[in-house]
$ cat my_file.cif   # mmCIF, C-alpha atoms
data_model
#
loop_
_atom_site.group_PDB
_atom_site.id
_atom_site.type_symbol
_atom_site.label_atom_id
_atom_site.label_comp_id
_atom_site.auth_asym_id
_atom_site.auth_seq_id
_atom_site.Cartn_x
_atom_site.Cartn_y
_atom_site.Cartn_z
ATOM 1 C CA MET H 1 0.000 0.000 0.000
ATOM 2 C CA SER H 2 1.405 3.401 -0.970
ATOM 3 C CA ARG H 3 1.736 6.115 1.613
ATOM 4 C CA PRO H 4 -0.562 9.134 1.328
ATOM 5 C CA ASN H 5 0.946 12.389 0.160
ATOM 6 C CA ARG H 6 1.915 14.609 3.054
ATOM 7 C CA ARG H 7 0.340 17.961 2.311
ATOM 8 C CA THR H 8 0.962 19.279 5.821
ATOM 9 C CA PRO H 9 4.365 19.588 7.517
ATOM 10 C CA VAL H 10 5.384 16.916 10.009
ATOM 11 C CA SER H 11 6.912 19.483 12.347
ATOM 12 C CA GLY H 12 6.749 23.198 13.008
ATOM 13 C CA ASP H 13 4.712 25.813 14.790
ATOM 14 C CA LEU H 14 0.991 24.966 14.885
ATOM 15 C CA SER H 15 0.160 28.636 14.391
ATOM 16 C CA GLU H 16 1.865 28.507 10.994
ATOM 17 C CA ILE H 17 0.435 25.121 10.046
ATOM 18 C CA LEU H 18 -3.163 26.105 10.801
ATOM 19 C CA LYS H 19 -3.023 29.835 10.106
ATOM 20 C CA ALA H 20 -4.974 29.667 6.847
ATOM 21 C CA ALA H 21 -7.834 27.834 8.605
ATOM 22 C CA LEU H 22 -8.070 30.112 11.658
ATOM 23 C CA PRO H 23 -10.780 32.790 11.227
ATOM 24 C CA HIS H 24 -10.114 36.486 11.701
ATOM 25 C CA ASP H 25 -13.711 37.676 12.136
ATOM 26 C CA HIS H 26 -14.438 36.438 15.678
ATOM 27 C CA ALA H 27 -13.242 33.888 18.233
ATOM 28 C CA ARG H 28 -16.586 32.856 19.706
ATOM 29 C CA GLN H 29 -17.225 29.263 20.685
ATOM 30 C CA VAL H 30 -19.594 27.560 18.217
ATOM 31 C CA THR H 31 -21.303 24.262 17.500
ATOM 32 C CA SER H 32 -21.561 22.466 14.171
ATOM 33 C CA ARG H 33 -24.814 24.295 13.430
ATOM 34 C CA TYR H 34 -22.830 27.487 12.963
ATOM 35 C CA TYR H 35 -21.807 26.171 9.550
ATOM 36 C CA ILE H 36 -25.331 25.109 8.594
ATOM 37 C CA GLU H 37 -26.457 28.677 9.210
ATOM 38 C CA ARG H 38 -23.558 29.999 7.139
ATOM 39 C CA GLU H 39 -23.789 27.626 4.165
ATOM 40 C CA MET H 40 -27.535 28.083 3.858
ATOM 41 C CA THR H 41 -27.207 31.848 3.504
ATOM 42 C CA PHE H 42 -25.120 31.518 0.328
ATOM 43 C CA GLU H 43 -26.708 32.007 -3.082
ATOM 44 C CA PRO H 44 -27.545 29.848 -4.817
ATOM 45 C CA LYS H 45 -28.584 27.844 -1.760
ATOM 46 C CA PRO H 46 -27.508 24.192 -1.542
ATOM 47 C CA ARG H 47 -30.131 21.966 -3.162
ATOM 48 C CA VAL H 48 -29.126 18.523 -1.877
ATOM 49 C CA VAL H 49 -27.734 17.990 1.618
ATOM 50 C CA ILE H 50 -27.073 14.870 3.653
ATOM 51 C CA ASP H 51 -26.675 14.435 7.374
ATOM 52 C CA LEU H 52 -24.177 11.577 7.555
ATOM 53 C CA GLY H 53 -24.699 9.909 10.924
ATOM 54 C CA CYS H 54 -27.990 11.740 11.349
ATOM 55 C CA GLY H 55 -29.185 10.070 14.560
ATOM 56 C CA ARG H 56 -32.636 11.478 15.389
ATOM 57 C CA GLY H 57 -32.561 13.603 12.243
ATOM 58 C CA ASP H 58 -33.154 16.943 13.917
ATOM 59 C CA SER H 59 -30.794 18.890 11.638
ATOM 60 C CA VAL H 60 -33.466 18.819 8.932
ATOM 61 C CA ASP H 61 -35.287 21.589 10.788
ATOM 62 C CA VAL H 62 -32.241 23.874 10.671
ATOM 63 C CA PHE H 63 -31.701 23.339 6.939
ATOM 64 C CA ARG H 64 -35.406 23.792 6.139
ATOM 65 C CA LYS H 65 -35.520 27.017 8.131
ATOM 66 C CA HIS H 66 -33.334 28.549 5.420
ATOM 67 C CA ALA H 67 -34.650 26.596 2.423
ATOM 68 C CA PRO H 68 -38.024 24.857 2.914
ATOM 69 C CA ASP H 69 -37.621 22.971 -0.373
ATOM 70 C CA VAL H 70 -34.108 21.667 0.294
ATOM 71 C CA SER H 71 -33.614 17.982 -0.478
ATOM 72 C CA TRP H 72 -32.371 16.707 2.897
ATOM 73 C CA ILE H 73 -31.398 13.050 3.365
ATOM 74 C CA GLY H 74 -30.516 11.487 6.698
ATOM 75 C CA ILE H 75 -28.088 8.545 6.637
ATOM 76 C CA ASP H 76 -27.062 6.343 9.555
ATOM 77 C CA ILE H 77 -26.219 2.772 10.480
ATOM 78 C CA GLY H 78 -29.077 0.565 11.571
ATOM 79 C CA ASP H 79 -27.869 -0.098 15.101
ATOM 80 C CA SER H 80 -26.949 3.496 15.964
ATOM 81 C CA GLN H 81 -28.106 4.275 19.499
ATOM 82 C CA GLU H 82 -29.126 7.742 18.399
ATOM 83 C CA ALA H 83 -30.966 6.552 15.277
ATOM 84 C CA LYS H 84 -33.009 4.168 17.427
ATOM 85 C CA GLN H 85 -34.365 7.231 19.253
ATOM 86 C CA ARG H 86 -35.769 8.681 16.034
ATOM 87 C CA THR H 87 -39.521 9.210 15.907
ATOM 88 C CA ARG H 88 -39.960 11.701 13.063
ATOM 89 C CA ARG H 89 -41.365 10.651 9.688
ATOM 90 C CA ASP H 90 -41.240 13.949 7.809
ATOM 91 C CA ALA H 91 -37.950 13.381 5.965
ATOM 92 C CA PRO H 92 -36.203 10.579 4.032
ATOM 93 C CA PHE H 93 -33.847 8.374 6.028
ATOM 94 C CA LEU H 94 -31.446 5.774 4.661
ATOM 95 C CA TYR H 95 -29.582 3.044 6.519
ATOM 96 C CA TYR H 96 -26.136 1.980 5.349
ATOM 97 C CA ASP H 97 -23.339 -0.356 6.364
ATOM 98 C CA GLY H 98 -21.150 2.378 7.854
ATOM 99 C CA TRP H 99 -18.787 2.223 4.894
ATOM 100 C CA ASP H 100 -20.116 2.914 1.386
ATOM 101 C CA VAL H 101 -22.400 5.956 1.271
ATOM 102 C CA PRO H 102 -25.435 4.894 -0.843
ATOM 103 C CA LEU H 103 -25.402 7.919 -3.159
ATOM 104 C CA ALA H 104 -23.931 8.665 -6.575
ATOM 105 C CA ALA H 105 -20.644 10.468 -7.022
ATOM 106 C CA SER H 106 -20.802 14.278 -7.220
ATOM 107 C CA SER H 107 -24.483 14.326 -6.259
ATOM 108 C CA VAL H 108 -24.494 16.333 -2.991
ATOM 109 C CA ASP H 109 -23.974 20.035 -2.243
ATOM 110 C CA VAL H 110 -23.392 19.743 1.510
ATOM 111 C CA VAL H 111 -22.405 16.843 3.776
ATOM 112 C CA TYR H 112 -23.160 17.604 7.418
ATOM 113 C CA SER H 113 -21.490 15.540 10.155
ATOM 114 C CA HIS H 114 -22.233 16.388 13.792
ATOM 115 C CA GLN H 115 -19.934 14.538 16.214
ATOM 116 C CA VAL H 116 -19.733 11.473 13.989
ATOM 117 C CA LEU H 117 -16.141 11.123 12.810
ATOM 118 C CA GLU H 118 -14.873 9.933 16.211
ATOM 119 C CA HIS H 119 -17.287 6.962 15.942
ATOM 120 C CA VAL H 120 -16.165 5.867 12.449
ATOM 121 C CA ARG H 121 -13.977 2.765 12.301
ATOM 122 C CA ASP H 122 -11.907 3.979 9.320
ATOM 123 C CA PRO H 123 -11.906 7.803 9.153
ATOM 124 C CA ALA H 124 -9.778 7.918 5.979
ATOM 125 C CA PHE H 125 -12.235 5.730 4.056
ATOM 126 C CA HIS H 126 -15.160 7.707 5.485
ATOM 127 C CA LEU H 127 -13.696 11.016 4.312
ATOM 128 C CA ALA H 128 -12.931 9.570 0.877
ATOM 129 C CA GLU H 129 -16.641 8.716 0.608
ATOM 130 C CA VAL H 130 -17.566 12.252 1.674
ATOM 131 C CA ALA H 131 -15.309 13.643 -1.052
ATOM 132 C CA ARG H 132 -16.748 11.219 -3.622
ATOM 133 C CA VAL H 133 -20.392 12.217 -3.130
ATOM 134 C CA LEU H 134 -19.703 15.971 -2.928
ATOM 135 C CA ARG H 135 -20.090 18.056 -6.042
ATOM 136 C CA PRO H 136 -17.104 20.242 -6.988
ATOM 137 C CA GLY H 137 -17.322 23.247 -4.691
ATOM 138 C CA GLY H 138 -19.487 21.318 -2.210
ATOM 139 C CA ALA H 139 -18.959 21.696 1.522
ATOM 140 C CA PHE H 140 -18.221 19.191 4.284
ATOM 141 C CA ILE H 141 -19.307 20.803 7.556
ATOM 142 C CA GLY H 142 -19.744 19.660 11.127
ATOM 143 C CA SER H 143 -17.777 18.992 14.287
ATOM 144 C CA THR H 144 -15.706 16.267 15.919
ATOM 145 C CA SER H 145 -13.931 15.470 19.184
ATOM 146 C CA GLN H 146 -10.430 16.303 20.347
ATOM 147 C CA PHE H 147 -10.560 15.807 24.142
ATOM 148 C CA GLU H 148 -13.632 13.715 24.832
ATOM 149 C CA PRO H 149 -13.778 10.561 26.987
ATOM 150 C CA TYR H 150 -15.105 7.321 25.532
ATOM 151 C CA HIS H 151 -18.810 7.473 24.703
ATOM 152 C CA SER H 152 -21.291 5.654 22.471
ATOM 153 C CA ARG H 153 -18.736 3.337 20.822
ATOM 154 C CA SER H 154 -16.255 6.085 20.005
ATOM 155 C CA TYR H 155 -12.907 5.099 18.456
ATOM 156 C CA TRP H 156 -10.927 8.319 18.069
ATOM 157 C CA ASN H 157 -10.129 11.846 19.106
ATOM 158 C CA PHE H 158 -8.529 14.169 16.524
ATOM 159 C CA THR H 159 -5.963 16.921 16.897
ATOM 160 C CA PRO H 160 -6.495 19.843 14.500
ATOM 161 C CA LEU H 161 -3.353 18.795 12.605
ATOM 162 C CA GLY H 162 -4.510 15.191 12.344
ATOM 163 C CA PHE H 163 -7.919 16.293 11.115
ATOM 164 C CA GLN H 164 -6.345 18.590 8.532
ATOM 165 C CA ALA H 165 -4.167 15.742 7.245
ATOM 166 C CA LEU H 166 -7.153 13.375 6.905
ATOM 167 C CA VAL H 167 -9.208 15.993 5.085
ATOM 168 C CA GLU H 168 -6.406 16.850 2.668
ATOM 169 C CA ASP H 169 -5.581 13.203 1.982
ATOM 170 C CA ALA H 170 -9.236 12.752 0.935
ATOM 171 C CA GLY H 171 -8.806 15.517 -1.655
ATOM 172 C CA LEU H 172 -10.664 18.218 0.281
ATOM 173 C CA THR H 173 -9.453 21.648 1.364
ATOM 174 C CA LEU H 174 -9.800 22.655 5.012
ATOM 175 C CA GLU H 175 -11.272 26.158 5.021
ATOM 176 C CA GLU H 176 -11.959 26.794 8.706
ATOM 177 C CA LEU H 177 -11.659 25.439 12.214
ATOM 178 C CA ARG H 178 -13.554 27.000 15.112
ATOM 179 C CA PRO H 179 -13.570 26.051 18.798
ATOM 180 C CA GLY H 180 -16.386 24.126 20.423
ATOM 181 C CA ILE H 181 -16.769 23.474 24.153
ATOM 182 C CA ASP H 182 -13.428 23.460 25.971
ATOM 183 C CA GLY H 183 -11.740 20.155 26.789
ATOM 184 C CA ILE H 184 -11.595 20.533 30.570
ATOM 185 C CA THR H 185 -15.319 21.232 30.816
ATOM 186 C CA LEU H 186 -16.158 18.365 28.463
ATOM 187 C CA ILE H 187 -14.072 15.876 30.458
ATOM 188 C CA LEU H 188 -15.493 17.076 33.774
ATOM 189 C CA ARG H 189 -19.028 16.770 32.411
ATOM 190 C CA THR H 190 -18.445 13.108 31.566
ATOM 191 C CA PHE H 191 -16.796 12.392 34.930
ATOM 192 C CA LEU H 192 -19.775 13.860 36.793
ATOM 193 C CA GLY H 193 -22.319 11.835 34.821
ATOM 194 C CA ARG H 194 -23.375 14.497 32.294
ATOM 195 C CA PRO H 195 -25.374 16.793 34.604
ATOM 196 C CA ALA H 196 -27.831 19.098 32.856
ATOM 197 C CA ARG H 197 -26.128 22.215 34.177
ATOM 198 C CA PHE H 198 -23.278 21.624 31.713
ATOM 199 C CA SER H 199 -25.528 21.692 28.617
ATOM 200 C CA PRO H 200 -25.546 25.500 28.088
ATOM 201 C CA TRP H 201 -21.743 25.452 27.831
ATOM 202 C CA PHE H 202 -21.937 23.660 24.488
ATOM 203 C CA ALA H 203 -23.440 26.732 22.832
ATOM 204 C CA HIS H 204 -21.889 29.528 24.870
ATOM 205 C CA GLY H 205 -18.493 30.447 26.296
ATOM 206 C CA SER H 206 -17.392 27.481 28.406
ATOM 207 C CA PRO H 207 -15.157 28.206 31.428
ATOM 208 C CA LEU H 208 -11.688 27.735 29.913
ATOM 209 C CA HIS H 209 -12.625 29.710 26.806
ATOM 210 C CA THR H 210 -13.789 32.537 29.073
ATOM 211 C CA VAL H 211 -10.350 32.536 30.701
ATOM 212 C CA ILE H 212 -8.755 32.641 27.236
ATOM 213 C CA ASP H 213 -10.953 35.608 26.287
ATOM 214 C CA GLU H 214 -9.804 37.466 29.398
ATOM 215 C CA TRP H 215 -6.161 36.686 28.584
ATOM 216 C CA ALA H 216 -6.643 37.829 24.985
ATOM 217 C CA GLN H 217 -8.182 41.114 26.071
ATOM 218 C CA ARG H 218 -5.368 41.870 28.490
ATOM 219 C CA ALA H 219 -2.670 40.888 26.001
ATOM 220 C CA LYS H 220 -4.463 42.462 23.020
ATOM 221 C CA ARG H 221 -4.154 39.266 20.995
ATOM 222 C CA ARG H 222 -5.320 39.138 17.400
ATOM 223 C CA THR H 223 -8.520 37.216 16.711
ATOM 224 C CA TRP H 224 -6.924 34.376 14.769
ATOM 225 C CA LEU H 225 -4.468 33.774 17.627
ATOM 226 C CA VAL H 226 -7.352 33.601 20.095
ATOM 227 C CA ASN H 227 -8.973 31.022 17.839
ATOM 228 C CA LEU H 228 -5.715 29.074 17.775
ATOM 229 C CA ARG H 229 -5.503 28.984 21.563
ATOM 230 C CA LYS H 230 -9.136 27.921 21.901
ATOM 231 C CA VAL H 231 -8.862 25.271 19.182
ATOM 232 C CA GLN H 232 -5.759 23.856 20.876
ATOM 233 C CA PHE H 233 -7.720 23.244 24.088
ATOM 234 C CA ALA H 234 -11.169 22.546 22.632
ATOM 235 C CA GLY H 235 -12.900 19.341 23.599
ATOM 236 C CA GLN H 236 -14.728 19.535 20.275
ATOM 237 C CA PHE H 237 -14.067 21.712 17.245
ATOM 238 C CA ALA H 238 -16.260 22.699 14.312
ATOM 239 C CA PHE H 239 -15.022 22.655 10.742
ATOM 240 C CA CYS H 240 -15.730 23.569 7.153
ATOM 241 C CA ALA H 241 -13.904 21.758 4.341
ATOM 242 C CA ARG H 242 -14.655 21.894 0.637
ATOM 243 C CA ARG H 243 -14.164 19.819 -2.479
ATOM 244 C CA PRO H 244 -12.127 21.994 -4.842
ATOM 245 C CA ALA H 245 -14.031 23.095 -7.919
ATOM 246 C CA SER H 246 -11.023 22.569 -10.187
ATOM 247 C CA ARG H 247 -9.681 19.225 -8.998
ATOM 248 C CA GLY H 248 -11.176 15.792 -9.455
ATOM 249 C CA VAL H 249 -11.902 13.285 -6.699
ATOM 250 C CA ALA H 250 -11.841 9.536 -7.252
ATOM 251 C CA THR H 251 -15.302 8.127 -7.953
ATOM 252 C CA SER H 252 -14.625 4.469 -7.314
#
$ encode --input "my_file.cif" --output "C-alpha cells"
Amino acid sequence: MSRPNRRTPVSGDLSEILKAALPHDHARQVTSRYYIEREMTFEPKPRVVIDLGCGRGDSVDVFRKHAPDVSWIGIDIGDSQEAKQRTRRDAPFLYYDGWDVPLAASSVDVVYSHQVLEHVRDPAFHLAEVARVLRPGGAFIGSTSQFEPYHSRSYWNFTPLGFQALVEDAGLTLEELRPGIDGITLILRTFLGRPARFSPWFAHGSPLHTVIDEWAQRAKRRTWLVNLRKVQFAGQFAFCARRPASRGVATS
C-alpha cells in the first residue's frame, strides 16, 4: 500500500500550520450548526444535503428554516443508538453499512457531520466517501472530538493537525476550524455523569474559553491567535472543508 501524500508539515509551529484555517472575524465558541447557518445563507442555496450519521434527524429543521424545499437526506447505520431514538417521519432516512455511502458520485452540495467522525472505524475511508459524493465546490461541515472521553462506541479523538491531514488526503481543502466546548469542561461533564447544568456550555463560552478571552483582552491578541488557543484546548471543534471546484476526486 502506498503512503498518502503529506500535504501538511510533520513538524513546526501549529500557528503557521493552521493559520490559513483560523478565522479572523471572531473567536466565539460555536457548535456544528454554525456552519449550517452559514452555508444556507449563500446564493444559490444548496439543493441537496445529507446528514451523515444523522441520529434522530433533527438537523433537517435547521436546513429547512433557510430553504423549505431543500432535499435533505438522513443517513445512519441501523444499530446506531441515536438513530433508534428517532420518531420523526417527515424526511427521508437511509440506513447503510457504515462504509459505502449509498449515493452517486458528485451528487451532494453539503455533507453535514455532527460529532460522527470519532465513531467511524476507518476515518480515511469515510472522508474519501464524503469527497466522492460531494459536487465540486461542495462543503463538508460539522464537528468532531479532540478531548472527549469514551462514549457511544467512540474510536478516536482528533488533533487539528490530524484532522487537517485526513481531510487533505481525501482531496478536500480545510477552510476553517472553530472552537467548540473546551476540553476541561467536556471531560469534567463526563466524569460527573453528564449533569444538565453543563448543557448551556456547548453553545456559549465554556469556562476555559472565558479565561482565554480574558487573557486575549489583556494581552491584546489578534482574533486568529485567540482562535488558535481555543482550538488547541477545545474538547470539540467545528469545521468547514470543501471539495475543490477545479480538482477531481476519485469516484470508485
$ residues_around --input "my_file.cif" --residues "Lys19 of chain H" --least-positions-apart "6" --cutoff "10 Å" --atoms "all atoms listed in the file" --output "ChimeraX atom specification"
/H:13,176-177,224-225,227-228
$ resolve_selection --input "my_file.cif" --expression "the PyMOL selection byres ((chain H and resi 88-97) around 12)" --output "JSON, numbers by chain"
{"H": [49, 50, 51, 52, 53, 54, 55, 56, 57, 58, 59, 60, 61, 63, 64, 68, 69, 70, 71, 72, 73, 74, 75, 76, 77, 78, 79, 80, 83, 84, 85, 86, 87, 98, 99, 100, 101, 102, 103, 120, 121, 126]}
$ resolve_selection --input "my_file.cif" --expression "the PyMOL selection byres ((chain H and resi 140-143) around 10)" --output "ChimeraX atom specification"
/H:30-36,39,49-52,109-118,127,130-131,134,137-139,144-146,167,172-180,236-243
$ closest_residue --input "my_file.cif" --among "H:Arg153, H:Arg132, H:Arg47, H:Lys230" --to "Thr210 of chain H" --atoms "only C-alpha atoms"
H:Lys230
$ closest_residue --input "my_file.cif" --among "H:Thr223, H:Thr190, H:Thr41, H:Ser107" --to "Phe147 of chain H" --atoms "all atoms listed in the file"
H:Thr190
$ atom_distance --input "my_file.cif" --atom1 "atom CA of Gly12 of chain H" --atom2 "atom CA of Ala245 of chain H"
29.5 Å
$ resolve_selection --input "my_file.cif" --expression "the PyMOL selection byres ((chain H and resi 207) around 12)" --output "list of chain:residue names"
H:Gln29, H:Gly180, H:Ile181, H:Asp182, H:Gly183, H:Ile184, H:Thr185, H:Leu186, H:Leu188, H:Phe198, H:Pro200, H:Trp201, H:Phe202, H:His204, H:Gly205, H:Ser206, H:Leu208, H:His209, H:Thr210, H:Val211, H:Ile212, H:Asp213, H:Glu214, H:Lys230, H:Phe233, H:Ala234
$ write_last_selection --input "my_file.cif" --atoms "C-alpha atoms" --output "CSV table (one decimal), in the frame of the given file"
chain,number,residue,atom,x,y,z
H,29,GLN,CA,-17.2,29.3,20.7
H,180,GLY,CA,-16.4,24.1,20.4
H,181,ILE,CA,-16.8,23.5,24.2
H,182,ASP,CA,-13.4,23.5,26.0
H,183,GLY,CA,-11.7,20.2,26.8
H,184,ILE,CA,-11.6,20.5,30.6
H,185,THR,CA,-15.3,21.2,30.8
H,186,LEU,CA,-16.2,18.4,28.5
H,188,LEU,CA,-15.5,17.1,33.8
H,198,PHE,CA,-23.3,21.6,31.7
H,200,PRO,CA,-25.5,25.5,28.1
H,201,TRP,CA,-21.7,25.5,27.8
H,202,PHE,CA,-21.9,23.7,24.5
H,204,HIS,CA,-21.9,29.5,24.9
H,205,GLY,CA,-18.5,30.4,26.3
H,206,SER,CA,-17.4,27.5,28.4
H,208,LEU,CA,-11.7,27.7,29.9
H,209,HIS,CA,-12.6,29.7,26.8
H,210,THR,CA,-13.8,32.5,29.1
H,211,VAL,CA,-10.4,32.5,30.7
H,212,ILE,CA,-8.8,32.6,27.2
H,213,ASP,CA,-11.0,35.6,26.3
H,214,GLU,CA,-9.8,37.5,29.4
H,230,LYS,CA,-9.1,27.9,21.9
H,233,PHE,CA,-7.7,23.2,24.1
H,234,ALA,CA,-11.2,22.5,22.6
$ atom_distance --input "my_file.cif" --atom1 "atom CA of Ser106 of chain H" --atom2 "atom CA of Phe158 of chain H"
26.7 Å
$ atom_distance --input "my_file.cif" --atom1 "atom CA of Pro244 of chain H" --atom2 "atom CA of Ala165 of chain H"
15.8 Å
$ axis_aligned_box --input "my_file.cif" --around "segment 155-166 of chain H" --padding-each-side "6 Å" --output "JSON"
{"center_x": -8.1, "center_y": 12.5, "center_z": 13.0, "size_x": 21.6, "size_y": 26.7, "size_z": 24.2}
$ closest_residue --input "my_file.cif" --among "H:Ala216, H:Leu166, H:Met40, H:Val231" --to "Leu22 of chain H" --atoms "all atoms listed in the file"
H:Val231
$ decode --input "my_file.cif" --residues "segment 134-190 of chain H" --atoms "C-alpha atoms" --output "PDB file, in the first residue's frame"
ATOM      1  CA  LEU H 134     -19.703  15.971  -2.928  1.00  0.00           C
ATOM      2  CA  ARG H 135     -20.090  18.056  -6.042  1.00  0.00           C
ATOM      3  CA  PRO H 136     -17.104  20.242  -6.988  1.00  0.00           C
ATOM      4  CA  GLY H 137     -17.322  23.247  -4.691  1.00  0.00           C
ATOM      5  CA  GLY H 138     -19.487  21.318  -2.210  1.00  0.00           C
ATOM      6  CA  ALA H 139     -18.959  21.696   1.522  1.00  0.00           C
ATOM      7  CA  PHE H 140     -18.221  19.191   4.284  1.00  0.00           C
ATOM      8  CA  ILE H 141     -19.307  20.803   7.556  1.00  0.00           C
ATOM      9  CA  GLY H 142     -19.744  19.660  11.127  1.00  0.00           C
ATOM     10  CA  SER H 143     -17.777  18.992  14.287  1.00  0.00           C
ATOM     11  CA  THR H 144     -15.706  16.267  15.919  1.00  0.00           C
ATOM     12  CA  SER H 145     -13.931  15.470  19.184  1.00  0.00           C
ATOM     13  CA  GLN H 146     -10.430  16.303  20.347  1.00  0.00           C
ATOM     14  CA  PHE H 147     -10.560  15.807  24.142  1.00  0.00           C
ATOM     15  CA  GLU H 148     -13.632  13.715  24.832  1.00  0.00           C
ATOM     16  CA  PRO H 149     -13.778  10.561  26.987  1.00  0.00           C
ATOM     17  CA  TYR H 150     -15.105   7.321  25.532  1.00  0.00           C
ATOM     18  CA  HIS H 151     -18.810   7.473  24.703  1.00  0.00           C
ATOM     19  CA  SER H 152     -21.291   5.654  22.471  1.00  0.00           C
ATOM     20  CA  ARG H 153     -18.736   3.337  20.822  1.00  0.00           C
ATOM     21  CA  SER H 154     -16.255   6.085  20.005  1.00  0.00           C
ATOM     22  CA  TYR H 155     -12.907   5.099  18.456  1.00  0.00           C
ATOM     23  CA  TRP H 156     -10.927   8.319  18.069  1.00  0.00           C
ATOM     24  CA  ASN H 157     -10.129  11.846  19.106  1.00  0.00           C
ATOM     25  CA  PHE H 158      -8.529  14.169  16.524  1.00  0.00           C
ATOM     26  CA  THR H 159      -5.963  16.921  16.897  1.00  0.00           C
ATOM     27  CA  PRO H 160      -6.495  19.843  14.500  1.00  0.00           C
ATOM     28  CA  LEU H 161      -3.353  18.795  12.605  1.00  0.00           C
ATOM     29  CA  GLY H 162      -4.510  15.191  12.344  1.00  0.00           C
ATOM     30  CA  PHE H 163      -7.919  16.293  11.115  1.00  0.00           C
ATOM     31  CA  GLN H 164      -6.345  18.590   8.532  1.00  0.00           C
ATOM     32  CA  ALA H 165      -4.167  15.742   7.245  1.00  0.00           C
ATOM     33  CA  LEU H 166      -7.153  13.375   6.905  1.00  0.00           C
ATOM     34  CA  VAL H 167      -9.208  15.993   5.085  1.00  0.00           C
ATOM     35  CA  GLU H 168      -6.406  16.850   2.668  1.00  0.00           C
ATOM     36  CA  ASP H 169      -5.581  13.203   1.982  1.00  0.00           C
ATOM     37  CA  ALA H 170      -9.236  12.752   0.935  1.00  0.00           C
ATOM     38  CA  GLY H 171      -8.806  15.517  -1.655  1.00  0.00           C
ATOM     39  CA  LEU H 172     -10.664  18.218   0.281  1.00  0.00           C
ATOM     40  CA  THR H 173      -9.453  21.648   1.364  1.00  0.00           C
ATOM     41  CA  LEU H 174      -9.800  22.655   5.012  1.00  0.00           C
ATOM     42  CA  GLU H 175     -11.272  26.158   5.021  1.00  0.00           C
ATOM     43  CA  GLU H 176     -11.959  26.794   8.706  1.00  0.00           C
ATOM     44  CA  LEU H 177     -11.659  25.439  12.214  1.00  0.00           C
ATOM     45  CA  ARG H 178     -13.554  27.000  15.112  1.00  0.00           C
ATOM     46  CA  PRO H 179     -13.570  26.051  18.798  1.00  0.00           C
ATOM     47  CA  GLY H 180     -16.386  24.126  20.423  1.00  0.00           C
ATOM     48  CA  ILE H 181     -16.769  23.474  24.153  1.00  0.00           C
ATOM     49  CA  ASP H 182     -13.428  23.460  25.971  1.00  0.00           C
ATOM     50  CA  GLY H 183     -11.740  20.155  26.789  1.00  0.00           C
ATOM     51  CA  ILE H 184     -11.595  20.533  30.570  1.00  0.00           C
ATOM     52  CA  THR H 185     -15.319  21.232  30.816  1.00  0.00           C
ATOM     53  CA  LEU H 186     -16.158  18.365  28.463  1.00  0.00           C
ATOM     54  CA  ILE H 187     -14.072  15.876  30.458  1.00  0.00           C
ATOM     55  CA  LEU H 188     -15.493  17.076  33.774  1.00  0.00           C
ATOM     56  CA  ARG H 189     -19.028  16.770  32.411  1.00  0.00           C
ATOM     57  CA  THR H 190     -18.445  13.108  31.566  1.00  0.00           C
TER      58      THR H 190
END
